[in-house]
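Here the structure comes first, spelled out in structure tokens, and everything after it is commentary.
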Amino acid sequence: MRRLLPVTDQSSGEDREWSLDELADAYAYPDALEGAWLRANMVSSLDGAAQHDGRSQPLSSDTDMRIFGTLRGLADAVVVGAETVRLEGYRPARAREAFAERRAAAGQGPAPAIAVVSASLNLDFSLPLFTEPLVPTLVLTGAAAPQDRVREAEKSGAEVVVAGDGPGVDPPRALRALAERGLRRLLTEGGPRLLGQFAASGVLDELCLTVSPMLTVGDAQRITGGPGLAVPERFAPTSVLEEAGFLFTRYRRI
Ligand SMILES: NC(=O)c1ccc[n+]([C@@H]2O[C@H](COP(=O)([O-])OP(=O)(O)OC[C@H]3O[C@@H](n4cnc5c(N)ncnc54)[C@H](OP(=O)(O)O)[C@@H]3O)[C@@H](O)[C@H]2O)c1
């Protein structure tokens, strides 16, 4: 892997495998966060597809998955939309030896909590994601969520967090609820409909976007969905890494 941006004396184009420690240093969250910091990690094809045949895996690569794992290794919680959980078969996050020391020093548990965002609570609460996580899985929903499903979720061991007055979740309120629980280094893995709401409500601080060197054609979703913004929001690139034609970009909201 090579660093293309920022250009420094070290970014001389040397192409070598980076250790997980180097990746973790490169992707560190800002120090001393008072509120939540929300970073998204998404992959897109050259023509803007966020999935192929319903999955993001065909657009990904081994290095993309190492960065995906590193971003999880740095996060307090992974916030993810229910459809991605259903389609991608989400499992609990693992404790990884490579990040153990760093997590302990940062006062973090052994693995990030997974926080599933759902209005319907139409989720299979018998899955390991809910019954066998290292740290309890959170379910973020609205006050009008079906109460029998809330009870099912709680019975599985999940913690249900109400972060909206109607059936759905209000994104800024969800982030405040997580921050109140000490979960401030947040990572969202989408999907597009959830990420669109985070972006539209102005709470997305950073986007880690993998540009996959592939064309898919077709009518796949983009990395964000939902109603467009009145004015496009501007982000600034902070880093670009490259490996085997994949670009690992990182942008911050200005
Ligand atoms: N390219 C990438 O990096 C990437 C990343 C992730 C996913 N994907 C792909 O994206 C697809 C799935 O994404 P998606 O956009 O269809 O779905 P999604 O954003 O993962 O999930 C949508 C669901 O999340 C819940 N939700 C969203 N906003 C909510 C709110 N404000 N309050 C309460 N619940 C809310 C709802 O769940 P309920 O229906 O349960 O109410 C909604 O149906 C898959 O094909 C996946 O492979 C790609």
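Following the order of the structure tokens, first chain is A, next is B, and so on, with residues numbered from 1 inside each chain and ligands from 1 in the order they appear.
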
*Give the residue list for ligand 1 at 7 Å, counting only C-alpha atoms and all ligand atoms, as a PyMOL selection string, sorted by chain and then by residue number.*
chain A and resi 41-44+50-51+54-56+80-85+87-88+117-123+141-142+167-171+189-195+197+223+225

*Please give the complete set of residues from range 3-242 of chain A that DSSP, run on the backbone, assigns to helix (DSSP H, G or I), formatted as a PyMOL selection string.*
chain A and resi 20-26+57-59+62-74+82-88+97-105+128-131+147-156+171-180+192-200

*Can you list, as a ChimeraX atom specification, every residue of range 4-52 of chain A that DSSP puts in strand (DSSP E)?*
/A:4-5,37-45

Print the selection's residues with C-alpha atoms to a file, as a PDB file, in the first residue's frame.
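Result went into result31.pdb, see below:
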```
ATOM      1  CA  LEU A   4      -0.775   9.289  -2.093  1.00  0.00           C
ATOM      2  CA  LEU A   5      -2.046  12.087   0.163  1.00  0.00           C
ATOM      3  CA  TRP A  37     -17.548  11.719  16.323  1.00  0.00           C
ATOM      4  CA  LEU A  38     -19.277   9.904  13.489  1.00  0.00           C
ATOM      5  CA  ARG A  39     -17.183   8.321  10.787  1.00  0.00           C
ATOM      6  CA  ALA A  40     -18.648   6.323   7.923  1.00  0.00           C
ATOM      7  CA  ASN A  41     -16.864   3.543   6.090  1.00  0.00           C
ATOM      8  CA  MET A  42     -18.266   2.706   2.666  1.00  0.00           C
ATOM      9  CA  VAL A  43     -17.122   1.178  -0.593  1.00  0.00           C
ATOM     10  CA  SER A  44     -18.212   2.325  -4.037  1.00  0.00           C
ATOM     11  CA  SER A  45     -17.513   1.174  -7.593  1.00  0.00           C
TER      12      SER A  45
END
```

_Here is a test: counting only C-alpha atoms, which residue of A:Ala106, A:Tyr27, A:Arg151, A:Leu175 is nearest to Tyr251 in chain A?_
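Among the listed residues, the smallest separation from Tyr251 in chain A belongs to A:Tyr27.
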
*Closest to Val139 in chain A among A:Leu23, A:Leu178, A:Met214, A:Ala158, using only C-alpha atoms?*
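Once distances to Val139 in chain A are computed over only C-alpha atoms, the minimum belongs to A:Ala158.
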
*May I ask which of the residues A:Ser156, A:Gln147, A:Thr216, A:Thr63 is the closest one to Phe130 in chain A, counting only C-alpha atoms?*
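Selected residue with least distance to Phe130 in chain A: A:Ser156.
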
_Taking 4 positions as the minimum chain separation for residues in the same chain, which residues sit within 8 Å of Gly166 in chain A when counting only C-alpha atoms? Answer as number ranges by chain._
A: 142-145

_Which residues are close to Leu71 in chain A, i.e. within 9 Å by only C-alpha atoms, leaving aside same-chain residues fewer than 3 positions away? Reply as number ranges by chain._
A: 23-24, 27-28, 41, 66-68, 74-75, 187

*Choose the residue, out of A:Pro133, A:Gly226, A:Pro6, A:Gly164, that has the smallest atom-to-atom separation from Thr249 in chain A; count only C-alpha atoms.*
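Closest candidate: A:Pro6.
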
_Calculated over only C-alpha atoms, which of the candidates A:Arg96, A:Arg252, A:Arg3, A:Arg184 has the smallest distance to Glu34 in chain A?_
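When distances to Glu34 in chain A are compared using only C-alpha atoms, the smallest one comes from A:Arg184.
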
*Record the distance separating CA of Phe248 in chain A and CA of Cys208 in chain A, expressed in Å with one decimal.*
7.1 Å
